[in-house]
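Report on the structure given below.
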Amino acid sequence: MNNLRFCVILLITLMYVRAWTQSPTALDIDRIKRATVFIYQAKNVNNALVIKCVSSGTLISADGLIITNAHSVLPSDACDGDQLIVSLSVDLSEPPIPKYRAEVFSADDGLDIAVLRIARELDGRLIAKGELPILPFADIGNSDDVAIDHNLIVAGYPDLGNQAVATARGTVTAFIAEPIGRGPSWFKTRAEIPGTMSGGGAYNSAGLLIGIPTSAPLGSLAAGESCRYIADTNGDGLVNASDICVPIGDFVSTIRPIRHALSLIRGARNGLTAQLISAPAETSPPLNPPRVNRLFFAPSVNDGAPSTVVGSMPNNTKSLYLFFDYDNMKPQTVYELTVSRDGIEDTVFSLPPVRWSGRENGLWHIGSREQAWANGAYEFTLYIDGANAGSQRIVVGGSADSRSQFSDIVFGTLDQNDSLVGNGSILPLGDIASARFLYTNMPRGIPWSAIWYFGGVEVARTADLWTDASHGAKVIRVAPNGGLLPGSYRLELYIDGALSATSDFIVSGRPAGPLPEIFSRLRHAAAASPSAARAAAPASSFPTSIPAIYALFDWHQLAAGTPWTLRWLVDDQVFFETTTPWLTVESGSDFTLALTNPPDGSYKLQLLVNNLKLIEQEATVGIGQLPIDRLARFEGAILSGKVYDATTGHGIPSITIVLISADYTASEFEWREDQIVALAKSDRNGDFQFARPLAFDTPYSVAIEADGYIPHAADEFTFSADQPFADIEIAMVRG
Amino acid sequence: MEFETGRSPAIQMSPRQRWSIAFTYMLIILGLALGLNQRDSTLNLASEYSNLEAGISAKYPARWLLEETGAFIFRVRDMAHRGFNTVIEVSAAPVGSDTSERNILDQLTLQRAQVLTDYTVLAYDEFRLADDSPAISMSYSFVSRDSNPFLEGVSSIVYGLDILTVRRGQALIIAFRADADIYHRELETLRWFVQNLEF
Amino acid sequence: MLSETQIQSDRLREEGYAFLPVWRRLSLQLFLLTAAMLLIVLLGELFQPSLDAQLERIVTLASVSLPVILWLYLSVMPEYRVARPRRRLIGVAVVSALAASAIGLPLLEDFYRVGEWLPLQSVFARILGYMLTAGAIDAGLKFLVLRYMIYPRSLRVRSDAFAYAFASAVGYSAFLNIALVLQFELTMGAAAIYLLANLTIQLASSMFIALGIVESYFSDAYPLVLPINVLIAAMSTGLITALVGGFMSGSLGTAGNTDRPLFAFAMLVASLVVAMGVVYFLYSNAERREREAFASQWQSDGI
């Protein structure tokens with residue numbers, strides 16, 4: 001029996017050891033590191049490049065797309081550089097070496113995500129299309145699959161470019177939710193991530209990129225630990241506090257899930273840039289300082305609105321959100337939330353300084369769900385640009401009380417049967433707006449009131465004593481003088497003077513069924529210019545290599561400042577999405593959008609308000625399907641090695657190694673391009689590396705011919721999946 | 001005990017001996033000549049290229065890599081050479097009624113200056129094609145470096161020569177580039193290539 | 001190693017001869033040389049990564065001088081102890097080396113530029129190519145040296161031709177080896193192989209030339225015998241030069257490849273044995289025929 005037990009334990013141990021040694025993670029680390037870049041944002045000052053900001057980044061395509069934080073690459077007050085220098089880890093044990101210049105392809109300031117494209121050599125020469133060598137890159141994973149306690153590997157550069165690329169391991173400790181789309185807006189981790197690793201990559205245990213470690217250095221912190229003086233920028237011969245320091249930020253504990261970057265990545269990979277031609281020029285940023293008010297808590301969120309307003313939560317609370325109104329916010333605004341429980345900071349639910357990802361004003365929430373909140377007295381404090389902007393307290397613990405409560409407000413119009421119809425948050429123009437809400441534990445005679453706002457100004461108020469049952473649903477209505485004007489409305493419900501429920505809705509468009517008609521005549525056209533597009537006939541299919549396709553639509557009663565969303569998909573995947581306030585006249589026609597140099601594909605344009613899709617239109621270019629990118633995933637064996645002279649033992653420089661397609665043997669190779677999979681050339685030490693990964697289990701052939709040496713020709717150059725890296729030595733014999 | 005037979009040194013050689021020495025000289029000379037012939041036939045071994053669409057046929061050195069995808073009609077590269085691989089590239093460019101040959105070369109210069117390190121035009125000259133028709137040539141130099149950022153690539157000084165001729169409303173550009181060290185020797189290959197180019 | 005007694009007895013024997021015997025000394029030198037080269041190759045294979053570069057350089061330079069030292073000690077110096085020494089050995093070696101330096105190597109590398117086109121050809125094309133270039137140049141130059149320095153004035157016995165041919169091979173290969181060592185920083189093992197290869201190529205070639213000279217001069221053979229021997233000399237050069245690289249070069253696979261100096265060494269030793277064996281067989285056959293002819297003439301003269 002003992003022997004049997006011993007055998008079982010031994011077997012399990014051996015299996016564990018075998019599984020550990022075969023785990024691809026240990027090997028993938030090198031690839032992750034190679035795909036991690038260091039980025040300098042620099043400014044040309046008197047013909048010298050002065051470093052302004054630094055960050056890590058991750059190569060996400062073979063042709064030099066890099067994903068990183070926007071705050072350190074886009075020009076701003078703190079980072080006012082105009083050049084982006086990309087350094088690569090040539091030797092993984094050494095600091096990175098500047099190799100290229102990049103430019104911003106697309107960015108989202110608020111999400112703090114930027115996609116860069118390597119465009120020039122370090123000396124400023126343009127890199128011609130196809131001339132950039134195939135670079136190692138990280139495969140994109142699915143951040144929706146990440147769960148609490150999942151392992152994370154974070155890669156980046158732990159210092160100002162004077163240390164080798166590093167990785168930190170940790171776990172996902174919490175999800176933070178904000179109103180920026182589906183899924184969590186942040187992963188929290190306790191991994192030790194220095195500030196300069198911000199912008200790098202967070203990977204799951206399969207080595208797939210699932211997030212971007214993100215923290216925003218506060219612009220007001222101009223010195224100290226978060227800012228380093230590394231160069232004599234004022235030319236006084238000294239490096240001291242009178243020079244410009246490079247902000248490095250504090251330790252990073254937040255990771256932006258990659259889901260929020262997918263549309264930017266897709267757009268960049270396909271070279272797609274959408275332009276809102278009819279949109280007015282950028283409005284000037286708000287002059288008043290940012291502020292927040294009306295802080296309150298809700299146990300859950302319905303379409304961005306609080307389900308109800310609470311002052312305390314019972315035991316086993318797993319979902320809690322702080323709501324607040326905000327104003328005068330900019331994408332560059334840095335906000336921070338600290339959560340303390342019984343006076344001690346709770347790092348799990350706190351949000352370190354990050355960029356503001358909302359609009360200029362509106363209702364915001366931050367919180368978490370499916371995570372246990374320990375009992376205690378919590379205090380939530382908001383900081384805007386480092387200054388305390390407001391706080392709110394809530395107690396978690398005790399039994400679920402039976403307080404009177406309003407919840408789940410939805411808006412609509414009443415039909416002939418007095419039933420509420422509509423979509424819940426958008427109403428067409430009319431005379432009356434109705435709201436239905438649920439009520440619980442409402443004793444008769446308790447005072448309650450409803451206040452309606454339009455554009456922040458109170459337009460109607462009802463105050464009464466409760467006469468209905470204790471539980472149920474109630475419909476109330478408002479009929480402002482002159483009818484409902486287009487714009488944003490808010491309803492606040494109070495019980496005994498305390499806010500119990502609140503929600504916002506939009507009035508816009510003409511009545512037309514369940515959804516108002518805000519947008520109409522959405523169509524595509526091909527033309528030489530936007531003005532010609534307005535006169536062109538609509539079309540739904542376009543030839544390959546068309547320089548631009550235009551999309552046009554009419555709009556009706558859409559008030560200025562109303563947020564609307566433009567979403568563009570290619571082959572049913574979003575490549576462009578933006579939500580901005582409507583900035584032009586209330587009604588009009590031929591709002592024009594342009595998509596330049598679209599590759600073959602099926603393009604769908606959707607227009608949304610309050611996350612409700614109001615209209616969509618599809619058009620196809622060429623064969624109606626994106627070209628297959630054989631390098632979309634970095635799968636296969638990396639073949640590298642050294643070619644040396646057998647006579648001297650020294651590496652042979654500039655020797656070409658030819659990898660021949662599996663369709664041909666070496667003896668059939670006739671030096672035709674179509675027979676070649678890849679070429680590699682040895683460097684001055686004889687080292688070579690095929691930039692393109694070799695497909696697993698594919699019988700390639702190899703040919704090496706060099707003047708003065710006996711050639712090599714070999715077939716069956718096959719690598720299996722358990723051999724993702726091959727480093728070989730090739731002896732060349734003089735002939 | 002070793003036994004060796006001997007004879008007195010003979011001052012006069014027999015006719016056979018004289019003939020055998022003469023034959024040996026002839027054999028050596030023949031061998032060297034055949035060696036030279038083998039060298040030339042190996043170095044001049046050619047592959048053929050033809051492109052009916054572009055109306056071009058050419059011969060190029062055997063074992064040079066033929067490529068047809070890119071901003072050219074075709075190009076061939078000597079991949080066995082260590083250092084910058086000697087390349088001959090044939091491309092076409094549209095020509096307008098007001099376009100001069102010099103305009104096209106200047107356009108090439110502007111494009112190349114954007115992407116080639118230290119691109120310098122050295123001289124313009126006349127060039128005679130195989131059918132004795134005139135063409136214009138532009139010689140230039142630049143620095144080439146293997147672009148793999150993860151390797152310690154070696155830079156090479158490259159000399160180039162563009163031969164441009166305008167026919168049937170389009171400009172044909174034969175671009176030749178070789179390592180500066182072997183450029184003048186490799187020019188023979190270009191001349192041979194141009195002699196065998198039909199368009 | 002040779003014992004003192006053995007050397008003494010050899011010396012006593014030589015002093016009794018009119019001409020210094022060639023073959024045994026030649027065999028001894030080749031044996032010692034191949035043994036030394038094998039030792040170096042094995043040392044190189046075993047300790048290659050950890051060897052000090054300077055030590056390697058010293059061993060390489062010593063390897064270059066070893067054939068010359070052995071030849072001087074075992075072939076040249078004993079000549080002065082016999083009654084009728086071969087006085088032009090050093091001269092032949094030096095002129096051969098100068099011919100290699102002034103004509104042979106420049107012609108091969110700068111005019112024929114064999115490094116640029118021959119290594120990339122098939123094995124048969126390489127054999128033919130090296131035969132018509134390196135083979136023709138080497139054989140031609142060595143034939144010219146022998147023709148104008150020893151033929152026919154210094155030819156007294158058949159072995160004279162082989163002794164001078166050996167001197168020519170040593171001189172010619174010595175220069176090639178020096179050039180090789182100066183041009184490249186050879187590894188110890190590679191140096192041993194290439195030095196042995198040069199000597200083998202030159203020795204095989206020289207021996208066939210010597211055989212042709214012997215047959216032409218001593219047997220008054222048909223006029224084509226000498227050129228055929230020179231042709232065989234050139235062929236041997238082409239064959240060994242082409243094959244030694246192939247044997248040295250390991251086949252490429254997914255694990256890469258390495259050089260195979262032991263394969264090359266075995267091939268060189270085999271070439272050496274075959275070439276020397278063939279030449280010695282033909283030489284001894286000619287000697288036997290002449291002795292028999294001499295004996296029958298003696299008897300017919302009634303002496």
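Just remember, in the structure tokens the first chain shown is A, the second B, etc., residues are 1-based per chain, and ligands are 1-based in the order shown.
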
*Write out as a VMD selection string the residues lying within 12 Å of Phe74 in chain B, counting only C-alpha atoms and excluding same-chain residues fewer than 4 positions away.*
(chain A and resid 672 to 673) or (chain B and resid 49 to 51 54 56 to 60 65 to 70 87 to 92 172 to 175)

Give me a file of those residues, with N, CA and C atoms, as a PDB file, in the first residue's frame.
ATOM      1  N   ARG A 672      14.142  31.860 -57.107  1.00  0.00           N
ATOM      2  CA  ARG A 672      12.998  32.694 -57.450  1.00  0.00           C
ATOM      3  C   ARG A 672      12.336  33.152 -56.159  1.00  0.00           C
ATOM      4  N   GLU A 673      11.872  34.358 -56.199  1.00  0.00           N
ATOM      5  CA  GLU A 673      11.284  34.970 -55.009  1.00  0.00           C
ATOM      6  C   GLU A 673      10.105  34.165 -54.453  1.00  0.00           C
TER       7      GLU A 673
ATOM      8  N   TYR B  49      14.768  35.881 -68.360  1.00  0.00           N
ATOM      9  CA  TYR B  49      13.551  36.468 -67.804  1.00  0.00           C
ATOM     10  C   TYR B  49      12.763  37.089 -68.944  1.00  0.00           C
ATOM     11  N   SER B  50      11.473  36.869 -68.918  1.00  0.00           N
ATOM     12  CA  SER B  50      10.672  37.588 -69.905  1.00  0.00           C
ATOM     13  C   SER B  50       9.337  37.975 -69.275  1.00  0.00           C
ATOM     14  N   ASN B  51       8.882  39.144 -69.620  1.00  0.00           N
ATOM     15  CA  ASN B  51       7.624  39.670 -69.103  1.00  0.00           C
ATOM     16  C   ASN B  51       6.845  40.218 -70.298  1.00  0.00           C
ATOM     17  N   ALA B  54       4.990  43.615 -69.776  1.00  0.00           N
ATOM     18  CA  ALA B  54       5.823  44.811 -69.819  1.00  0.00           C
ATOM     19  C   ALA B  54       6.641  44.876 -71.109  1.00  0.00           C
ATOM     20  N   ILE B  56       9.321  43.026 -71.880  1.00  0.00           N
ATOM     21  CA  ILE B  56      10.744  43.010 -71.534  1.00  0.00           C
ATOM     22  C   ILE B  56      11.239  41.576 -71.496  1.00  0.00           C
ATOM     23  N   SER B  57      12.399  41.353 -72.091  1.00  0.00           N
ATOM     24  CA  SER B  57      13.068  40.070 -71.878  1.00  0.00           C
ATOM     25  C   SER B  57      14.529  40.375 -71.584  1.00  0.00           C
ATOM     26  N   ALA B  58      15.095  39.544 -70.724  1.00  0.00           N
ATOM     27  CA  ALA B  58      16.464  39.830 -70.289  1.00  0.00           C
ATOM     28  C   ALA B  58      17.156  38.546 -69.901  1.00  0.00           C
ATOM     29  N   LYS B  59      18.463  38.635 -69.881  1.00  0.00           N
ATOM     30  CA  LYS B  59      19.266  37.553 -69.314  1.00  0.00           C
ATOM     31  C   LYS B  59      19.928  38.107 -68.073  1.00  0.00           C
ATOM     32  N   TYR B  60      20.002  37.300 -67.053  1.00  0.00           N
ATOM     33  CA  TYR B  60      20.672  37.756 -65.832  1.00  0.00           C
ATOM     34  C   TYR B  60      21.532  36.621 -65.298  1.00  0.00           C
ATOM     35  N   LEU B  65      19.017  36.028 -57.363  1.00  0.00           N
ATOM     36  CA  LEU B  65      17.621  35.910 -56.932  1.00  0.00           C
ATOM     37  C   LEU B  65      16.726  36.816 -57.779  1.00  0.00           C
ATOM     38  N   LEU B  66      15.713  36.221 -58.385  1.00  0.00           N
ATOM     39  CA  LEU B  66      14.774  36.983 -59.211  1.00  0.00           C
ATOM     40  C   LEU B  66      13.559  37.368 -58.374  1.00  0.00           C
ATOM     41  N   GLU B  67      13.245  38.668 -58.370  1.00  0.00           N
ATOM     42  CA  GLU B  67      12.081  39.155 -57.620  1.00  0.00           C
ATOM     43  C   GLU B  67      11.200  39.977 -58.558  1.00  0.00           C
ATOM     44  N   GLU B  68       9.897  39.800 -58.398  1.00  0.00           N
ATOM     45  CA  GLU B  68       8.968  40.534 -59.263  1.00  0.00           C
ATOM     46  C   GLU B  68       7.909  41.288 -58.479  1.00  0.00           C
ATOM     47  N   THR B  69       7.934  41.186 -57.157  1.00  0.00           N
ATOM     48  CA  THR B  69       6.944  41.939 -56.380  1.00  0.00           C
ATOM     49  C   THR B  69       7.632  43.129 -55.729  1.00  0.00           C
ATOM     50  N   GLY B  70       7.139  44.286 -56.030  1.00  0.00           N
ATOM     51  CA  GLY B  70       7.729  45.502 -55.500  1.00  0.00           C
ATOM     52  C   GLY B  70       7.491  46.622 -56.488  1.00  0.00           C
ATOM     53  N   VAL B  87      22.726  44.428 -57.061  1.00  0.00           N
ATOM     54  CA  VAL B  87      21.349  44.345 -57.541  1.00  0.00           C
ATOM     55  C   VAL B  87      21.197  45.088 -58.864  1.00  0.00           C
ATOM     56  N   ILE B  88      20.412  44.498 -59.734  1.00  0.00           N
ATOM     57  CA  ILE B  88      19.992  45.184 -60.964  1.00  0.00           C
ATOM     58  C   ILE B  88      18.469  45.191 -60.951  1.00  0.00           C
ATOM     59  N   GLU B  89      17.925  46.389 -61.079  1.00  0.00           N
ATOM     60  CA  GLU B  89      16.478  46.545 -60.938  1.00  0.00           C
ATOM     61  C   GLU B  89      15.943  47.266 -62.176  1.00  0.00           C
ATOM     62  N   VAL B  90      14.922  46.717 -62.740  1.00  0.00           N
ATOM     63  CA  VAL B  90      14.331  47.345 -63.921  1.00  0.00           C
ATOM     64  C   VAL B  90      12.934  47.827 -63.554  1.00  0.00           C
ATOM     65  N   SER B  91      12.690  49.096 -63.758  1.00  0.00           N
ATOM     66  CA  SER B  91      11.367  49.634 -63.445  1.00  0.00           C
ATOM     67  C   SER B  91      10.945  50.598 -64.537  1.00  0.00           C
ATOM     68  N   ALA B  92       9.658  50.893 -64.533  1.00  0.00           N
ATOM     69  CA  ALA B  92       9.126  51.809 -65.545  1.00  0.00           C
ATOM     70  C   ALA B  92       8.405  52.950 -64.849  1.00  0.00           C
ATOM     71  N   LEU B 172      12.080  53.796 -68.984  1.00  0.00           N
ATOM     72  CA  LEU B 172      12.596  52.540 -68.456  1.00  0.00           C
ATOM     73  C   LEU B 172      13.855  52.872 -67.662  1.00  0.00           C
ATOM     74  N   ILE B 173      13.872  52.436 -66.408  1.00  0.00           N
ATOM     75  CA  ILE B 173      15.016  52.748 -65.551  1.00  0.00           C
ATOM     76  C   ILE B 173      15.687  51.443 -65.151  1.00  0.00           C
ATOM     77  N   ILE B 174      16.963  51.358 -65.488  1.00  0.00           N
ATOM     78  CA  ILE B 174      17.752  50.202 -65.055  1.00  0.00           C
ATOM     79  C   ILE B 174      18.646  50.708 -63.936  1.00  0.00           C
ATOM     80  N   ALA B 175      18.345  50.248 -62.735  1.00  0.00           N
ATOM     81  CA  ALA B 175      19.115  50.708 -61.575  1.00  0.00           C
ATOM     82  C   ALA B 175      20.087  49.611 -61.179  1.00  0.00           C
TER      83      ALA B 175
END

_Which residues are close to Val166 in chain B, i.e. within 12 Å by only C-alpha atoms, leaving aside same-chain residues fewer than 4 positions away? Reply as a PyMOL selection string._
chain B and resi 91-97+99-105+129+133-136+170-174+199

Cut-off 8 Å: closest chain B/chain A atom pairs per residue, using only C-alpha atoms, as a Markdown table:
| residue | atom | partner | partner_atom | distance |
| --- | --- | --- | --- | --- |
| B:Arg63 | CA | A:Trp671 | CA | 6.0 |
| B:Trp64 | CA | A:Trp671 | CA | 6.3 |
| B:Leu65 | CA | A:Trp671 | CA | 4.6 |
| B:Leu66 | CA | A:Arg672 | CA | 5.0 |
| B:Glu67 | CA | A:Glu673 | CA | 5.0 |
| B:Glu68 | CA | A:Glu673 | CA | 7.4 |
| B:Met79 | CA | A:Thr656 | CA | 6.4 |
| B:Ala80 | CA | A:Ala706 | CA | 4.2 |
| B:His81 | CA | A:Asp707 | CA | 5.7 |
| B:Arg82 | CA | A:Ser654 | CA | 5.0 |
| B:Gly83 | CA | A:Ser654 | CA | 4.9 |
| B:Phe84 | CA | A:Ser654 | CA | 7.6 |
| B:Gln114 | CA | A:Arg125 | CA | 5.5 |
| B:Val115 | CA | A:Leu126 | CA | 5.1 |
| B:Leu116 | CA | A:Arg125 | CA | 7.1 |
| B:Thr117 | CA | A:Arg125 | CA | 7.3 |
| B:Asp146 | CA | A:Lys681 | CA | 7.5 |
| B:Ser147 | CA | A:Pro133 | CA | 6.4 |
| B:Asn148 | CA | A:Pro133 | CA | 5.8 |
| B:Pro149 | CA | A:Lys99 | CA | 6.7 |
| B:Phe150 | CA | A:Val90 | CA | 4.5 |
| B:Leu151 | CA | A:Asp683 | CA | 5.8 |
| B:Glu152 | CA | A:Asp683 | CA | 5.1 |
| B:Gly153 | CA | A:Asp683 | CA | 4.5 |
| B:Val154 | CA | A:Arg684 | CA | 5.7 |

_Counting only C-alpha atoms, chain C residues within 9 Å of chain A, as a ChimeraX atom specification_ = /C:114-121,126,184-191,194,241-242,244-246,248-259

Show me, as a PDB file with C-alpha atoms, in the first residue's frame, every residue of chain C with an atom at most 6 Å from chain B, counting only C-alpha atoms.
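Result file is part_6.pdb:
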ATOM      1  CA  LEU C 132      42.214  23.175 -64.473  1.00  0.00           C
ATOM      2  CA  THR C 133      43.144  26.073 -62.235  1.00  0.00           C
ATOM      3  CA  ALA C 136      47.429  23.243 -63.680  1.00  0.00           C
ATOM      4  CA  GLY C 140      53.016  23.665 -64.121  1.00  0.00           C
ATOM      5  CA  ARG C 153      71.733  17.646 -64.772  1.00  0.00           C
ATOM      6  CA  ARG C 156      71.573  10.499 -61.295  1.00  0.00           C
ATOM      7  CA  VAL C 157      69.242   7.881 -59.922  1.00  0.00           C
ATOM      8  CA  SER C 216      60.770  10.144 -69.406  1.00  0.00           C
ATOM      9  CA  PRO C 223      56.581  11.518 -75.157  1.00  0.00           C
ATOM     10  CA  LEU C 224      53.061  11.418 -73.723  1.00  0.00           C
ATOM     11  CA  LEU C 226      55.407  12.874 -68.856  1.00  0.00           C
ATOM     12  CA  PRO C 227      52.416  15.041 -69.794  1.00  0.00           C
TER      13      PRO C 227
END

_as a list in words, please: the residues near range 605-612 of chain A (cut-off 7 Å, only C-alpha atoms, same-chain neighbours under 4 positions excluded)._
Pro563, Trp564, Thr565, Leu566, Arg567, Trp568, Leu569, Glu616, Gln617 and Glu618 of chain A

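Computed from the coordinates, the CA of Leu382 in chain A to CA of Leu295 in chain A distance equals 9.6 Å.
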
*Spatial neighbours of range 418-424 of chain A, max dist 12 Å, only C-alpha atoms, sep filter under 5 positions, as a count of residues only*: 38

Hey, what does DSSP flag as helix (DSSP H, G or I) within range 16-163 of chain B? Can you give it to me as an mmCIF file with C-alpha atoms, in the first residue's frame?
data_model
loop_
_atom_site.group_PDB
_atom_site.id
_atom_site.type_symbol
_atom_site.label_atom_id
_atom_site.label_comp_id
_atom_site.auth_asym_id
_atom_site.auth_seq_id
_atom_site.Cartn_x
_atom_site.Cartn_y
_atom_site.Cartn_z
ATOM 1 C CA ARG B 16 61.460 11.769 -76.960
ATOM 2 C CA GLN B 17 62.443 13.664 -73.866
ATOM 3 C CA ARG B 18 62.306 16.929 -75.702
ATOM 4 C CA TRP B 19 58.916 16.094 -77.082
ATOM 5 C CA SER B 20 57.624 15.012 -73.727
ATOM 6 C CA ILE B 21 58.701 18.339 -72.218
ATOM 7 C CA ALA B 22 57.125 20.199 -75.080
ATOM 8 C CA PHE B 23 53.902 18.239 -74.703
ATOM 9 C CA THR B 24 53.920 18.971 -70.999
ATOM 10 C CA TYR B 25 54.193 22.687 -71.635
ATOM 11 C CA MET B 26 51.343 22.443 -74.093
ATOM 12 C CA LEU B 27 49.275 20.488 -71.618
ATOM 13 C CA ILE B 28 49.830 23.067 -68.896
ATOM 14 C CA ILE B 29 48.938 25.915 -71.207
ATOM 15 C CA LEU B 30 45.880 24.007 -72.397
ATOM 16 C CA GLY B 31 44.846 23.307 -68.819
ATOM 17 C CA LEU B 32 45.173 26.968 -67.843
ATOM 18 C CA ALA B 33 43.197 28.013 -70.894
ATOM 19 C CA LEU B 34 40.465 25.518 -70.110
ATOM 20 C CA GLY B 35 40.445 26.781 -66.526
ATOM 21 C CA LEU B 36 39.943 30.299 -67.809
ATOM 22 C CA ASN B 37 37.179 29.066 -70.055
ATOM 23 C CA GLN B 38 35.477 27.281 -67.168
ATOM 24 C CA ARG B 39 35.707 30.414 -65.035
ATOM 25 C CA ASP B 40 34.177 32.563 -67.724
ATOM 26 C CA SER B 41 31.469 30.097 -68.602
ATOM 27 C CA THR B 42 30.553 29.730 -64.919
ATOM 28 C CA LEU B 43 30.557 33.449 -64.248
ATOM 29 C CA GLU B 101 14.568 62.559 -68.580
ATOM 30 C CA ARG B 102 16.228 64.823 -66.084
ATOM 31 C CA ASN B 103 12.860 65.429 -64.397
ATOM 32 C CA ILE B 104 12.502 61.700 -63.807
ATOM 33 C CA LEU B 105 15.991 61.343 -62.408
ATOM 34 C CA ASP B 106 15.434 64.319 -60.117
ATOM 35 C CA GLN B 107 12.213 62.740 -58.918
ATOM 36 C CA LEU B 108 14.116 59.547 -58.146
ATOM 37 C CA THR B 109 16.676 61.576 -56.259
ATOM 38 C CA LEU B 110 14.030 63.234 -54.134
ATOM 39 C CA GLN B 111 12.420 59.910 -53.290
ATOM 40 C CA ARG B 112 15.676 58.178 -52.486
ATOM 41 C CA ALA B 113 16.966 61.010 -50.340
ATOM 42 C CA GLN B 114 14.030 60.276 -48.039
ATOM 43 C CA VAL B 115 14.885 56.641 -47.503
#

_As an exercise, work out the distance from CA of Asn481 in chain A to CA of Phe454 in chain A in Å and give it to one decimal place._
12.1 Å

Within range 226-297 of chain A, find each residue whose DSSP state, derived from the backbone, is strand (DSSP E or B), and express the selection as a compact mmCIF listing (two decimals) with N, CA and C atoms, in the first residue's frame.
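Final file, selection-v6.txt:
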# COMPACT_ATOMS: atom_id res chain seq x y z
N CYS A 227 9.83 62.53 -10.63
CA CYS A 227 10.42 63.25 -11.75
C CYS A 227 11.93 63.23 -11.60
N ARG A 228 12.61 62.91 -12.67
CA ARG A 228 14.07 62.77 -12.59
C ARG A 228 14.75 63.77 -13.53
N VAL A 246 12.15 64.61 -16.10
CA VAL A 246 11.34 63.64 -16.83
C VAL A 246 10.42 62.94 -15.83
N PRO A 247 9.11 63.12 -15.97
CA PRO A 247 8.21 62.48 -15.02
C PRO A 247 8.18 60.96 -15.21
N VAL A 252 2.71 51.52 -10.45
CA VAL A 252 1.46 51.30 -11.20
C VAL A 252 0.72 50.12 -10.58
N SER A 253 -0.56 50.29 -10.37
CA SER A 253 -1.34 49.16 -9.87
C SER A 253 -2.60 48.96 -10.70
N THR A 254 -2.75 49.74 -11.75
CA THR A 254 -3.94 49.61 -12.58
C THR A 254 -3.56 49.21 -14.00
N ILE A 255 -4.38 48.39 -14.55
CA ILE A 255 -4.15 47.89 -15.90
C ILE A 255 -5.40 48.14 -16.74
N ARG A 256 -5.19 48.81 -17.85
CA ARG A 256 -6.32 49.08 -18.73
C ARG A 256 -6.56 47.83 -19.57
N PRO A 257 -7.71 47.18 -19.46
CA PRO A 257 -7.95 45.97 -20.26
C PRO A 257 -7.83 46.27 -21.75
N THR A 273 -8.32 55.20 -41.24
CA THR A 273 -8.52 56.42 -40.48
C THR A 273 -9.84 57.06 -40.90
N ALA A 274 -10.66 57.28 -39.90
CA ALA A 274 -11.96 57.90 -40.17
C ALA A 274 -11.89 59.37 -39.80
N GLN A 275 -12.52 60.19 -40.62
CA GLN A 275 -12.53 61.63 -40.36
C GLN A 275 -13.97 62.12 -40.28
N LEU A 276 -14.24 62.93 -39.27
CA LEU A 276 -15.55 63.56 -39.16
C LEU A 276 -15.45 64.92 -39.83
N ARG A 291 -14.57 70.13 -11.55
CA ARG A 291 -15.18 69.95 -10.23
C ARG A 291 -16.12 68.76 -10.27
N VAL A 292 -16.38 68.21 -9.11
CA VAL A 292 -17.35 67.12 -8.99
C VAL A 292 -18.32 67.49 -7.87
N ASN A 293 -19.52 67.01 -7.97
CA ASN A 293 -20.50 67.22 -6.89
C ASN A 293 -21.54 66.12 -6.92
N ARG A 294 -22.48 66.20 -5.98
CA ARG A 294 -23.57 65.24 -5.86
C ARG A 294 -23.04 63.81 -5.78
N LEU A 295 -22.12 63.56 -4.85
CA LEU A 295 -21.56 62.22 -4.69
C LEU A 295 -22.58 61.34 -3.96
N PHE A 296 -22.90 60.20 -4.50
CA PHE A 296 -23.80 59.26 -3.82
C PHE A 296 -23.47 57.84 -4.26
N PHE A 297 -24.04 56.88 -3.54
CA PHE A 297 -23.74 55.48 -3.82
C PHE A 297 -24.95 54.76 -4.39

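Each of A:Thr233, A:Ser263, A:Ser226, A:Ser402 was compared to Val115 in chain A using only C-alpha atoms, and A:Ser263 turns out to be the nearest.
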
*Name all residues at most 8 Å from Ser72 in chain A (count only C-alpha atoms; drop same-chain ones fewer than 6 positions away) and give them as JSON, numbers by chain.*
{"A": [41, 53, 54, 55, 79]}

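Once Met37 in chain C and its same-chain neighbours fewer than 2 positions away are set aside, Leu33, Thr34, Ala35, Leu39, Ile40, Val41, Ser63, Ala192, Ile193 and Leu196 of chain C remain within 8 Å of it when counting only C-alpha atoms.
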